[in-house]
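The file final_18.cif contains mmCIF, C-alpha atoms:
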data_input
#
loop_
_atom_site.label_atom_id
_atom_site.label_comp_id
_atom_site.auth_asym_id
_atom_site.auth_seq_id
_atom_site.Cartn_x
_atom_site.Cartn_y
_atom_site.Cartn_z
CA MET A 1 0.00 0.00 0.00
CA THR A 2 1.20 3.50 -0.82
CA GLU A 3 0.18 6.68 0.95
CA THR A 4 -2.39 7.39 -1.77
CA THR A 5 -3.79 3.86 -1.96
CA ARG A 6 -6.67 2.96 0.30
CA PRO A 7 -6.34 -0.51 1.83
CA THR A 8 -8.85 -3.13 0.74
CA PRO A 9 -10.99 -4.91 3.33
CA ALA A 10 -8.71 -7.95 2.97
CA GLU A 11 -5.62 -5.80 3.58
CA ILE A 12 -7.29 -4.25 6.62
CA ARG A 13 -8.00 -7.70 8.06
CA ALA A 14 -4.45 -8.85 7.32
CA PHE A 15 -2.96 -5.84 9.12
CA ARG A 16 -5.26 -6.46 12.06
CA ALA A 17 -4.22 -10.13 12.22
CA ASP A 18 -0.55 -9.12 12.17
CA ASN A 19 -1.11 -6.65 15.04
CA PRO A 20 -3.46 -8.48 17.44
CA LYS A 21 -2.57 -6.35 20.47
CA MET A 22 -2.98 -2.97 18.76
CA ARG A 23 -6.03 -0.94 19.76
CA GLU A 24 -8.66 -0.55 17.04
CA ARG A 25 -8.44 3.23 16.88
CA ASP A 26 -4.66 2.95 16.57
CA ILE A 27 -5.04 0.47 13.70
CA ALA A 28 -7.44 2.83 11.94
CA ALA A 29 -5.02 5.73 12.42
CA GLN A 30 -2.09 3.64 11.17
CA LEU A 31 -4.00 2.68 8.01
CA ASP A 32 -5.44 6.20 7.59
CA ILE A 33 -9.01 4.90 7.60
CA SER A 34 -11.99 5.53 9.85
CA GLU A 35 -12.91 3.21 12.70
CA ALA A 36 -16.12 2.35 10.83
CA ALA A 37 -14.06 1.20 7.83
CA LEU A 38 -12.15 -1.10 10.16
CA VAL A 39 -15.41 -2.63 11.41
CA ALA A 40 -16.91 -2.81 7.92
CA ALA A 41 -13.96 -4.91 6.73
CA GLU A 42 -15.27 -7.64 9.05
CA VAL A 43 -18.83 -7.68 7.65
CA GLY A 44 -19.83 -11.27 6.95
CA LEU A 45 -17.23 -12.48 9.44
CA THR A 46 -17.59 -10.78 12.84
CA ALA A 47 -19.85 -7.87 11.89
CA ILE A 48 -23.34 -7.31 10.44
CA ARG A 49 -24.51 -3.99 9.00
CA ILE A 50 -27.64 -2.76 10.80
CA ASP A 51 -29.96 0.24 10.61
CA ALA A 52 -28.41 3.20 12.46
CA ASP A 53 -31.70 5.01 13.18
CA ALA A 54 -31.05 6.22 16.72
CA ASN A 55 -34.69 6.57 17.74
CA ARG A 56 -35.59 3.16 16.36
CA PHE A 57 -32.78 1.70 18.47
CA LEU A 58 -33.86 3.62 21.57
CA GLU A 59 -37.36 2.20 21.28
CA ARG A 60 -35.85 -1.29 21.67
CA ALA A 61 -32.89 -0.56 23.95
CA GLU A 62 -34.55 -1.08 27.34
CA ALA A 63 -35.24 -4.74 26.47
CA LEU A 64 -31.48 -5.39 26.41
CA GLY A 65 -31.36 -5.12 30.21
CA GLU A 66 -28.00 -4.40 31.79
CA ILE A 67 -25.41 -3.21 29.28
CA MET A 68 -22.30 -1.07 29.12
CA ALA A 69 -22.83 2.20 27.23
CA LEU A 70 -19.71 3.79 25.75
CA THR A 71 -19.34 7.31 24.43
CA ARG A 72 -16.00 8.86 23.55
CA ASN A 73 -14.14 11.53 21.69
CA GLU A 74 -10.49 11.68 20.65
CA SER A 75 -9.28 12.22 24.21
CA VAL A 76 -11.59 10.44 26.65
CA VAL A 77 -13.66 7.25 26.93
CA HIS A 78 -16.78 7.31 29.16
CA GLU A 79 -18.33 3.94 30.10
CA LYS A 80 -21.47 3.39 32.17
CA ILE A 81 -23.04 0.10 33.24
CA GLY A 82 -26.80 0.13 33.61
CA VAL A 83 -30.13 -0.05 31.78
CA PHE A 84 -31.67 2.21 29.13
CA GLU A 85 -34.63 3.78 30.99
CA LYS A 86 -36.88 6.85 30.87
CA ILE A 87 -36.35 7.33 27.15
CA THR A 88 -37.79 10.29 25.24
CA THR A 89 -37.21 10.39 21.49
CA GLY A 90 -37.25 13.48 19.29
CA LYS A 91 -36.35 14.43 15.74
CA HIS A 92 -33.40 16.60 16.70
CA ALA A 93 -32.57 15.34 20.19
CA SER A 94 -33.45 12.30 22.28
CA ILE A 95 -32.91 11.74 25.99
CA VAL A 96 -32.19 8.73 28.19
CA LEU A 97 -32.57 9.49 31.91
CA GLY A 98 -31.94 6.14 33.56
CA GLU A 99 -30.41 5.76 37.00
CA ASN A 100 -27.02 4.93 35.44
CA ILE A 101 -27.46 5.45 31.69
CA ASP A 102 -27.89 9.19 31.13
CA LEU A 103 -27.58 10.30 27.48
CA ARG A 104 -28.35 13.18 25.15
CA ILE A 105 -28.52 11.82 21.60
CA PHE A 106 -28.63 13.78 18.34
CA PRO A 107 -30.21 11.31 15.86
CA GLY A 108 -29.28 13.24 12.72
CA THR A 109 -25.62 12.33 13.18
CA TRP A 110 -26.10 8.56 13.50
CA ALA A 111 -25.43 7.23 9.99
CA HIS A 112 -23.99 3.68 10.14
CA GLY A 113 -24.59 0.75 12.47
CA PHE A 114 -22.95 -2.62 13.03
CA ALA A 115 -23.60 -5.61 15.26
CA VAL A 116 -20.18 -6.96 16.22
CA THR A 117 -19.33 -10.36 17.71
CA LYS A 118 -15.82 -11.04 18.97
CA THR A 119 -14.58 -14.37 20.33
CA ASP A 120 -11.73 -14.46 22.81
CA GLY A 121 -11.15 -18.03 23.90
CA ASP A 122 -14.39 -19.17 25.53
CA GLN A 123 -15.64 -15.60 25.88
CA VAL A 124 -18.00 -14.10 23.30
CA ARG A 125 -18.31 -10.30 23.29
CA ARG A 126 -21.28 -8.72 21.52
CA SER A 127 -21.89 -5.06 20.81
CA LEU A 128 -23.94 -2.61 18.76
CA GLN A 129 -21.77 0.14 17.32
CA PHE A 130 -22.95 3.37 15.70
CA PHE A 131 -20.95 5.82 13.55
CA ASP A 132 -21.42 9.13 11.78
CA LYS A 133 -21.00 9.69 8.02
CA ALA A 134 -17.26 10.22 8.47
CA GLY A 135 -16.93 6.85 10.21
CA MET A 136 -16.36 8.26 13.70
CA ALA A 137 -17.95 6.30 16.55
CA VAL A 138 -20.84 8.21 18.14
CA HIS A 139 -22.00 5.50 20.56
CA LYS A 140 -21.47 1.82 21.39
CA VAL A 141 -23.50 -0.60 23.47
CA HIS A 142 -21.67 -3.66 24.83
CA LEU A 143 -23.55 -6.66 26.19
CA ARG A 144 -22.74 -8.00 29.66
CA PRO A 145 -23.39 -11.40 31.26
CA ALA A 146 -26.73 -10.14 32.61
CA SER A 147 -27.88 -8.74 29.24
CA ASN A 148 -30.92 -10.15 27.43
CA LEU A 149 -29.33 -12.06 24.54
CA GLU A 150 -32.70 -12.80 22.92
CA ALA A 151 -33.53 -9.10 22.77
CA TYR A 152 -30.11 -8.40 21.23
CA GLU A 153 -30.54 -11.10 18.59
CA ALA A 154 -34.04 -9.81 17.78
CA ILE A 155 -32.69 -6.28 17.27
CA VAL A 156 -29.91 -7.56 14.99
CA ALA A 157 -32.37 -9.62 12.94
CA ASP A 158 -34.91 -6.78 12.63
CA PHE A 159 -32.31 -4.06 11.94
CA ARG A 160 -30.17 -6.07 9.48
CA LEU A 161 -29.67 -4.23 6.18
CA GLU A 162 -29.70 -5.71 2.71
CA ASP A 163 -26.37 -3.99 2.04
CA GLN A 164 -23.71 -6.14 3.71
CA SER A 165 -20.74 -4.64 1.88
CA GLN A 166 -17.27 -4.71 3.45
CA ASP A 167 -16.37 -1.40 1.83
CA PHE A 168 -16.85 1.88 3.67
CA VAL A 169 -16.69 5.32 2.10
CA GLU A 170 -16.30 8.24 4.49
CA ILE A 171 -18.23 11.45 3.89
CA VAL A 172 -16.36 14.19 5.71
CA SER A 173 -18.22 17.42 6.39
CA THR A 174 -16.38 20.61 5.54
CA LYS A 175 -18.92 22.86 7.26
CA VAL A 176 -17.22 25.19 9.71
CA GLU A 177 -19.08 27.31 12.25
CA GLU A 178 -18.37 30.96 11.52
CA THR A 179 -17.04 32.86 14.50
CA GLY A 180 -15.80 36.39 14.66
CA PRO A 181 -14.00 38.68 17.06
CA VAL A 182 -15.37 38.72 20.61
CA ASP A 183 -17.44 41.74 21.61
CA VAL A 184 -16.54 41.51 25.30
CA ALA A 185 -19.19 44.01 26.43
CA ALA A 186 -21.96 42.12 24.61
CA LEU A 187 -20.61 38.79 25.89
CA ARG A 188 -20.58 39.95 29.50
CA GLU A 189 -24.05 41.50 29.21
CA ASN A 190 -25.57 38.33 27.77
CA TRP A 191 -23.64 36.08 30.15
CA ALA A 192 -24.82 38.03 33.22
CA ALA A 193 -28.43 37.82 31.97
CA MET A 194 -28.52 33.99 31.91
CA THR A 195 -31.06 32.33 34.17
CA ASP A 196 -30.31 28.72 33.14
CA THR A 197 -27.06 27.01 32.09
CA HIS A 198 -28.74 25.66 28.94
CA GLN A 199 -29.04 29.24 27.64
CA PHE A 200 -25.27 29.28 27.11
CA PHE A 201 -25.51 27.51 23.73
CA GLY A 202 -27.93 30.14 22.45
CA LEU A 203 -25.61 32.86 23.70
CA LEU A 204 -22.70 31.43 21.67
CA ARG A 205 -24.85 31.14 18.53
CA LYS A 206 -26.28 34.64 18.93
CA LEU A 207 -22.87 36.27 19.32
CA LYS A 208 -21.12 33.86 16.90
CA ILE A 209 -18.44 33.05 19.44
CA ALA A 210 -16.56 29.78 19.89
CA ARG A 211 -16.95 28.30 23.37
CA GLN A 212 -13.27 28.52 24.29
CA ASP A 213 -13.09 32.12 23.03
CA ALA A 214 -16.03 32.97 25.27
CA VAL A 215 -14.50 31.57 28.47
CA ARG A 216 -11.14 33.17 27.62
CA SER A 217 -12.71 36.60 27.11
CA VAL A 218 -15.57 36.98 29.57
CA GLY A 219 -13.51 37.99 32.60
CA GLU A 220 -12.31 36.39 35.83
CA ASP A 221 -15.60 36.94 37.66
CA PHE A 222 -17.19 34.42 35.25
CA ALA A 223 -14.23 32.23 34.15
CA HIS A 224 -10.63 31.74 35.22
CA GLU A 225 -7.95 29.40 33.96
CA VAL A 226 -6.46 26.64 36.12
CA ARG A 227 -3.59 24.29 35.45
CA ALA A 228 -4.01 21.75 32.64
CA ASP A 229 -3.69 18.88 35.13
CA ALA A 230 -6.50 20.24 37.33
CA VAL A 231 -8.86 17.39 36.35
CA GLY A 232 -6.79 15.02 38.46
CA ASP A 233 -6.93 17.37 41.45
CA LEU A 234 -10.69 17.72 41.03
CA LEU A 235 -11.32 13.96 40.88
CA ARG A 236 -9.07 13.23 43.85
CA GLY A 237 -10.73 16.03 45.82
CA ALA A 238 -14.21 14.73 45.02
CA ALA A 239 -13.19 11.18 45.99
CA GLU A 240 -11.63 12.27 49.28
CA ARG A 241 -14.63 14.43 50.25
CA ASP A 242 -17.28 12.03 48.90
CA VAL A 243 -18.77 14.76 46.70
CA ASP A 244 -21.31 13.76 44.04
CA ILE A 245 -20.26 15.09 40.64
CA MET A 246 -21.56 15.12 37.09
CA CYS A 247 -19.06 14.14 34.38
CA PHE A 248 -20.02 14.99 30.78
CA VAL A 249 -18.22 13.42 27.80
CA GLY A 250 -19.47 13.73 24.27
CA ASN A 251 -19.07 13.96 20.55
CA HIS A 252 -21.42 15.56 18.05
CA GLY A 253 -23.72 12.51 18.13
CA THR A 254 -24.00 11.65 21.82
CA ILE A 255 -23.32 13.17 25.23
CA GLN A 256 -22.97 10.71 28.12
CA ILE A 257 -23.20 11.74 31.77
CA HIS A 258 -22.08 10.13 35.02
CA THR A 259 -23.78 11.43 38.16
CA GLY A 260 -22.53 10.28 41.54
CA THR A 261 -19.32 9.76 43.42
CA VAL A 262 -15.93 8.74 42.06
CA LYS A 263 -13.67 6.56 44.18
CA ASN A 264 -10.98 4.56 42.40
CA ILE A 265 -8.75 7.09 40.60
CA GLN A 266 -5.87 5.39 38.79
CA PRO A 267 -3.23 7.19 36.69
CA MET A 268 -1.44 5.03 34.10
CA GLY A 269 1.05 6.68 31.77
CA PRO A 270 -0.72 9.54 29.97
CA TRP A 271 -4.11 8.17 31.04
CA LEU A 272 -6.11 9.16 34.10
CA ASN A 273 -8.63 6.42 34.86
CA VAL A 274 -11.71 6.11 37.05
CA MET A 275 -12.40 2.42 37.73
CA ASP A 276 -15.60 2.31 39.79
CA PRO A 277 -18.23 -0.47 39.75
CA THR A 278 -20.64 1.16 37.25
CA PHE A 279 -18.46 3.96 35.88
CA HIS A 280 -15.18 3.76 33.98
CA MET A 281 -13.44 6.79 32.51
CA HIS A 282 -10.15 6.90 30.58
CA LEU A 283 -8.78 10.40 29.95
CA ARG A 284 -5.66 11.34 27.99
CA MET A 285 -4.23 14.02 30.27
CA ASP A 286 -1.58 14.93 27.70
CA HIS A 287 -4.37 16.03 25.32
CA ILE A 288 -5.53 18.77 27.69
CA ALA A 289 -4.19 22.17 26.62
CA GLU A 290 -6.34 24.39 28.87
CA CYS A 291 -8.67 24.01 31.86
CA TRP A 292 -11.17 26.65 32.94
CA VAL A 293 -13.39 27.09 35.98
CA VAL A 294 -16.60 28.58 34.58
CA ARG A 295 -19.40 30.31 36.52
CA LYS A 296 -22.84 30.72 34.94
CA PRO A 297 -25.73 32.59 36.62
CA THR A 298 -29.06 30.78 37.10
CA VAL A 299 -32.26 31.50 39.02
CA ASP A 300 -30.76 29.35 41.82
CA GLY A 301 -27.47 31.25 41.95
CA PHE A 302 -24.19 30.56 40.18
CA VAL A 303 -23.47 27.11 38.79
CA THR A 304 -19.77 26.30 38.49
CA SER A 305 -18.06 23.84 36.15
CA LEU A 306 -14.61 22.69 35.12
CA GLU A 307 -14.02 22.52 31.36
CA ALA A 308 -10.97 20.95 29.69
CA TYR A 309 -10.01 21.87 26.12
CA ASP A 310 -7.59 20.31 23.63
CA ALA A 311 -5.06 22.18 21.51
CA SER A 312 -7.63 22.79 18.74
CA GLY A 313 -10.11 24.42 21.14
CA GLU A 314 -12.51 21.46 21.35
CA MET A 315 -13.93 20.70 24.79
CA ILE A 316 -12.77 17.26 25.93
CA ILE A 317 -14.65 16.84 29.20
CA GLN A 318 -16.79 18.89 31.58
CA PHE A 319 -17.60 18.51 35.30
CA PHE A 320 -20.36 19.93 37.50
CA GLY A 321 -21.35 19.31 41.10
CA LYS A 322 -24.54 17.26 41.42
CA ARG A 323 -27.43 19.64 41.97
CA LYS A 324 -31.22 19.41 41.88
CA GLU A 325 -33.25 22.11 40.17
CA GLY A 326 -34.30 24.73 42.68
CA MET A 327 -31.31 24.06 44.92
CA THR A 328 -28.19 26.17 45.29
CA GLU A 329 -24.83 24.71 44.35
CA ARG A 330 -23.05 22.62 46.98
CA ALA A 331 -20.46 24.52 49.01
CA ASP A 332 -18.04 21.56 49.04
CA TRP A 333 -18.07 21.45 45.23
CA ARG A 334 -17.22 25.15 45.02
CA GLU A 335 -14.46 24.68 47.59
CA ILE A 336 -12.84 21.99 45.43
CA LEU A 337 -12.91 24.24 42.36
CA ASP A 338 -11.64 27.23 44.34
CA SER A 339 -8.65 25.15 45.48
CA LEU A 340 -7.53 24.19 41.96
CA PRO A 341 -4.06 25.59 41.11
CA ARG A 342 -3.65 28.43 38.64
CA PRO A 343 -1.40 27.94 35.57
CA ASN A 344 1.56 29.79 37.06
CA SER A 345 1.52 27.92 40.36
CA VAL A 346 4.20 25.37 41.20
CA ALA A 347 3.17 21.72 41.24
CA ALA A 348 3.25 20.13 44.68
#
As structure tokens, please, write out the structure in this file.
Amino acid sequence: MTETTRPTPAEIRAFRADNPKMRERDIAAQLDISEAALVAAEVGLTAIRIDADANRFLERAEALGEIMALTRNESVVHEKIGVFEKITTGKHASIVLGENIDLRIFPGTWAHGFAVTKTDGDQVRRSLQFFDKAGMAVHKVHLRPASNLEAYEAIVADFRLEDQSQDFVEIVSTKVEETGPVDVAALRENWAAMTDTHQFFGLLRKLKIARQDAVRSVGEDFAHEVRADAVGDLLRGAAERDVDIMCFVGNHGTIQIHTGTVKNIQPMGPWLNVMDPTFHMHLRMDHIAECWVVRKPTVDGFVTSLEAYDASGEMIIQFFGKRKEGMTERADWREILDSLPRPNSVAA
């Protein structure tokens, strides 16, 4: 294969066989293909093409019982074990509000689906994997020993497509959100007028400002920068003080949320891991270029978050303190954020 020659499905499978310990995303990067192309090369062998209609899947998801839901972006993997419950579907956005599985899904981005079966010795691992038009994973559902295998097999049979091709052609969007210079006075006026954190997205659209530009420009009373490794300090602080947090990880197809405590914080090389019974998180700390503590006004007082951005200005991960509507923010959560070191401080 040359740099300009796309590998065939057979060549993809051969490379995978020659590199059995390499992670799938690393194989895709090495071959300069999407992760969906890597999965598609196994169609007819370990994979089946299925309908990727997100709302159709959500209507059947609860029957699967206990599963592991996985949402990721380039820098962090967010895994939750639980059941799809309290599902509301919509044309533009759908919501899952289960005790453990908490998702915001944007159906328009789900374009390709696969049912994948992997055998490792006596163990059989089954999953449903969904991708956007560019072949980027937007959400995956992995079966567990307690899952309803009959429900899974029924979904695969009902969702199976006539097209079972091993080829995958990426369609990469070139649409770029237009942003301009920041009018700081207008930004501060609109920011101060917020009564709900969800109004922030409308504020950015109205003023045509990128999110990172907004937090950089609004002023220290609303946002201040902390050290890039502050996520580790936050998680350790929350674990030590038994503070319930909300951890948001997403891509443009799915946002996945953990609400509750974190306990088992394990660094490993560039990765910072949370390894709790129903919540696993794997974060590439070396991908974090900036961290910001952000304060947004609401009818219940200020709500404070920690936001981590990569070098391109994309938000990697976001944390809030657990809070019920109508309640003020927890003092212990604010104390943790107030204690986070500033960029020019010396590491302990």
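The space between CA of Ala228 in chain A and CA of Ile288 in chain A spans 6.0 Å.
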Evaluate the PyMOL selection byres ((chain A and resi 49) around 12) and record the selected residues as a PyMOL selection string, following the chain and residue labels used in the document.
chain A and resi 36-37+39-48+50-52+111-117+128-131+155-168
Residues from last step as file, C-alpha atoms, as a PDB file, keeping the file's coordinate frame:
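Result saved to out04.pdb:
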ATOM      1  CA  ALA A  36     -16.120   2.350  10.830  1.00  0.00           C
ATOM      2  CA  ALA A  37     -14.060   1.200   7.830  1.00  0.00           C
ATOM      3  CA  VAL A  39     -15.410  -2.630  11.410  1.00  0.00           C
ATOM      4  CA  ALA A  40     -16.910  -2.810   7.920  1.00  0.00           C
ATOM      5  CA  ALA A  41     -13.960  -4.910   6.730  1.00  0.00           C
ATOM      6  CA  GLU A  42     -15.270  -7.640   9.050  1.00  0.00           C
ATOM      7  CA  VAL A  43     -18.830  -7.680   7.650  1.00  0.00           C
ATOM      8  CA  GLY A  44     -19.830 -11.270   6.950  1.00  0.00           C
ATOM      9  CA  LEU A  45     -17.230 -12.480   9.440  1.00  0.00           C
ATOM     10  CA  THR A  46     -17.590 -10.780  12.840  1.00  0.00           C
ATOM     11  CA  ALA A  47     -19.850  -7.870  11.890  1.00  0.00           C
ATOM     12  CA  ILE A  48     -23.340  -7.310  10.440  1.00  0.00           C
ATOM     13  CA  ILE A  50     -27.640  -2.760  10.800  1.00  0.00           C
ATOM     14  CA  ASP A  51     -29.960   0.240  10.610  1.00  0.00           C
ATOM     15  CA  ALA A  52     -28.410   3.200  12.460  1.00  0.00           C
ATOM     16  CA  ALA A 111     -25.430   7.230   9.990  1.00  0.00           C
ATOM     17  CA  HIS A 112     -23.990   3.680  10.140  1.00  0.00           C
ATOM     18  CA  GLY A 113     -24.590   0.750  12.470  1.00  0.00           C
ATOM     19  CA  PHE A 114     -22.950  -2.620  13.030  1.00  0.00           C
ATOM     20  CA  ALA A 115     -23.600  -5.610  15.260  1.00  0.00           C
ATOM     21  CA  VAL A 116     -20.180  -6.960  16.220  1.00  0.00           C
ATOM     22  CA  THR A 117     -19.330 -10.360  17.710  1.00  0.00           C
ATOM     23  CA  LEU A 128     -23.940  -2.610  18.760  1.00  0.00           C
ATOM     24  CA  GLN A 129     -21.770   0.140  17.320  1.00  0.00           C
ATOM     25  CA  PHE A 130     -22.950   3.370  15.700  1.00  0.00           C
ATOM     26  CA  PHE A 131     -20.950   5.820  13.550  1.00  0.00           C
ATOM     27  CA  ILE A 155     -32.690  -6.280  17.270  1.00  0.00           C
ATOM     28  CA  VAL A 156     -29.910  -7.560  14.990  1.00  0.00           C
ATOM     29  CA  ALA A 157     -32.370  -9.620  12.940  1.00  0.00           C
ATOM     30  CA  ASP A 158     -34.910  -6.780  12.630  1.00  0.00           C
ATOM     31  CA  PHE A 159     -32.310  -4.060  11.940  1.00  0.00           C
ATOM     32  CA  ARG A 160     -30.170  -6.070   9.480  1.00  0.00           C
ATOM     33  CA  LEU A 161     -29.670  -4.230   6.180  1.00  0.00           C
ATOM     34  CA  GLU A 162     -29.700  -5.710   2.710  1.00  0.00           C
ATOM     35  CA  ASP A 163     -26.370  -3.990   2.040  1.00  0.00           C
ATOM     36  CA  GLN A 164     -23.710  -6.140   3.710  1.00  0.00           C
ATOM     37  CA  SER A 165     -20.740  -4.640   1.880  1.00  0.00           C
ATOM     38  CA  GLN A 166     -17.270  -4.710   3.450  1.00  0.00           C
ATOM     39  CA  ASP A 167     -16.370  -1.400   1.830  1.00  0.00           C
ATOM     40  CA  PHE A 168     -16.850   1.880   3.670  1.00  0.00           C
TER      41      PHE A 168
END
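Distance annotation: of A:Val76, A:Ile255, A:Ile105, A:Leu337, the residue with the minimal separation from His282 in chain A is A:Val76; atom set is only C-alpha atoms.
For the set A:Ala154, A:Leu340, A:Met136, A:Ile316, the residue with the smallest atom-to-atom gap to His78 in chain A is A:Ile316, counting only C-alpha atoms.
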Resolved residues for the PyMOL selection byres ((chain A and resi 289) around 9) as number ranges by chain:
A: 228, 285-288, 290-291, 308-313
Between CA of His258 in chain A and CA of Lys118 in chain A lies a distance of 27.3 Å
A straight line from CA of Ala14 in chain A to CA of Asp120 in chain A spans 18.0 Å
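Among A:Val172, A:Leu272, A:Ile265, A:Val231, the residue with the shortest atom-to-atom distance to Gln318 in chain A, counting only C-alpha atoms, is A:Val231.
Of the residues listed (A:Gly253, A:Lys133, A:Arg241, A:Leu207), A:Gly253 shows the shortest atom-to-atom separation from His92 in chain A; distances use all atoms listed in the file.
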Complete range 195-202 of chain A with all heavy atoms (output as a PDB file, in the frame of the given file).
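rebuild-v1.pdb, written as the output of this step:
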ATOM      1  N   THR A 195     -30.316  32.837  33.024  1.00  0.00           N
ATOM      2  CA  THR A 195     -31.060  32.330  34.170  1.00  0.00           C
ATOM      3  C   THR A 195     -31.037  30.803  34.234  1.00  0.00           C
ATOM      4  O   THR A 195     -31.580  30.198  35.145  1.00  0.00           O
ATOM      5  CB  THR A 195     -32.529  32.794  34.117  1.00  0.00           C
ATOM      6  OG1 THR A 195     -33.124  32.359  32.882  1.00  0.00           O
ATOM      7  CG2 THR A 195     -32.618  34.313  34.211  1.00  0.00           C
ATOM      8  N   ASP A 196     -30.390  30.182  33.228  1.00  0.00           N
ATOM      9  CA  ASP A 196     -30.310  28.720  33.140  1.00  0.00           C
ATOM     10  C   ASP A 196     -29.041  28.387  32.351  1.00  0.00           C
ATOM     11  O   ASP A 196     -28.744  29.056  31.356  1.00  0.00           O
ATOM     12  CB  ASP A 196     -31.547  28.155  32.438  1.00  0.00           C
ATOM     13  CG  ASP A 196     -31.580  26.640  32.450  1.00  0.00           C
ATOM     14  OD1 ASP A 196     -30.782  26.032  31.700  1.00  0.00           O
ATOM     15  OD2 ASP A 196     -32.390  26.053  33.185  1.00  0.00           O
ATOM     16  N   THR A 197     -28.309  27.355  32.772  1.00  0.00           N
ATOM     17  CA  THR A 197     -27.060  27.010  32.090  1.00  0.00           C
ATOM     18  C   THR A 197     -27.285  26.624  30.633  1.00  0.00           C
ATOM     19  O   THR A 197     -26.395  26.804  29.797  1.00  0.00           O
ATOM     20  CB  THR A 197     -26.338  25.859  32.809  1.00  0.00           C
ATOM     21  OG1 THR A 197     -27.200  24.719  32.883  1.00  0.00           O
ATOM     22  CG2 THR A 197     -25.929  26.270  34.220  1.00  0.00           C
ATOM     23  N   HIS A 198     -28.469  26.086  30.313  1.00  0.00           N
ATOM     24  CA  HIS A 198     -28.740  25.660  28.940  1.00  0.00           C
ATOM     25  C   HIS A 198     -28.835  26.846  27.973  1.00  0.00           C
ATOM     26  O   HIS A 198     -28.770  26.663  26.757  1.00  0.00           O
ATOM     27  CB  HIS A 198     -30.022  24.833  28.873  1.00  0.00           C
ATOM     28  CG  HIS A 198     -29.931  23.551  29.659  1.00  0.00           C
ATOM     29  ND1 HIS A 198     -30.460  23.428  30.909  1.00  0.00           N
ATOM     30  CD2 HIS A 198     -29.346  22.365  29.368  1.00  0.00           C
ATOM     31  CE1 HIS A 198     -30.219  22.204  31.370  1.00  0.00           C
ATOM     32  NE2 HIS A 198     -29.546  21.543  30.455  1.00  0.00           N
ATOM     33  N   GLN A 199     -28.981  28.061  28.494  1.00  0.00           N
ATOM     34  CA  GLN A 199     -29.040  29.240  27.640  1.00  0.00           C
ATOM     35  C   GLN A 199     -27.676  29.599  27.048  1.00  0.00           C
ATOM     36  O   GLN A 199     -27.581  30.419  26.135  1.00  0.00           O
ATOM     37  CB  GLN A 199     -29.575  30.436  28.446  1.00  0.00           C
ATOM     38  CG  GLN A 199     -31.024  30.268  28.884  1.00  0.00           C
ATOM     39  CD  GLN A 199     -31.442  31.301  29.915  1.00  0.00           C
ATOM     40  OE1 GLN A 199     -30.627  32.107  30.378  1.00  0.00           O
ATOM     41  NE2 GLN A 199     -32.720  31.286  30.300  1.00  0.00           N
ATOM     42  N   PHE A 200     -26.629  28.964  27.557  1.00  0.00           N
ATOM     43  CA  PHE A 200     -25.270  29.280  27.110  1.00  0.00           C
ATOM     44  C   PHE A 200     -25.081  28.978  25.630  1.00  0.00           C
ATOM     45  O   PHE A 200     -24.412  29.726  24.915  1.00  0.00           O
ATOM     46  CB  PHE A 200     -24.274  28.488  27.956  1.00  0.00           C
ATOM     47  CG  PHE A 200     -22.836  28.870  27.731  1.00  0.00           C
ATOM     48  CD1 PHE A 200     -22.394  30.162  27.961  1.00  0.00           C
ATOM     49  CD2 PHE A 200     -21.921  27.930  27.287  1.00  0.00           C
ATOM     50  CE1 PHE A 200     -21.055  30.510  27.763  1.00  0.00           C
ATOM     51  CE2 PHE A 200     -20.595  28.258  27.082  1.00  0.00           C
ATOM     52  CZ  PHE A 200     -20.162  29.554  27.322  1.00  0.00           C
ATOM     53  N   PHE A 201     -25.668  27.870  25.149  1.00  0.00           N
ATOM     54  CA  PHE A 201     -25.510  27.510  23.730  1.00  0.00           C
ATOM     55  C   PHE A 201     -26.137  28.569  22.826  1.00  0.00           C
ATOM     56  O   PHE A 201     -25.560  28.925  21.796  1.00  0.00           O
ATOM     57  CB  PHE A 201     -26.144  26.128  23.472  1.00  0.00           C
ATOM     58  CG  PHE A 201     -25.558  25.040  24.319  1.00  0.00           C
ATOM     59  CD1 PHE A 201     -26.220  24.591  25.453  1.00  0.00           C
ATOM     60  CD2 PHE A 201     -24.334  24.472  23.992  1.00  0.00           C
ATOM     61  CE1 PHE A 201     -25.671  23.592  26.249  1.00  0.00           C
ATOM     62  CE2 PHE A 201     -23.776  23.471  24.786  1.00  0.00           C
ATOM     63  CZ  PHE A 201     -24.449  23.045  25.915  1.00  0.00           C
ATOM     64  N   GLY A 202     -27.295  29.073  23.223  1.00  0.00           N
ATOM     65  CA  GLY A 202     -27.930  30.140  22.450  1.00  0.00           C
ATOM     66  C   GLY A 202     -27.110  31.410  22.465  1.00  0.00           C
ATOM     67  O   GLY A 202     -27.036  32.127  21.450  1.00  0.00           O
TER      68      GLY A 202
END
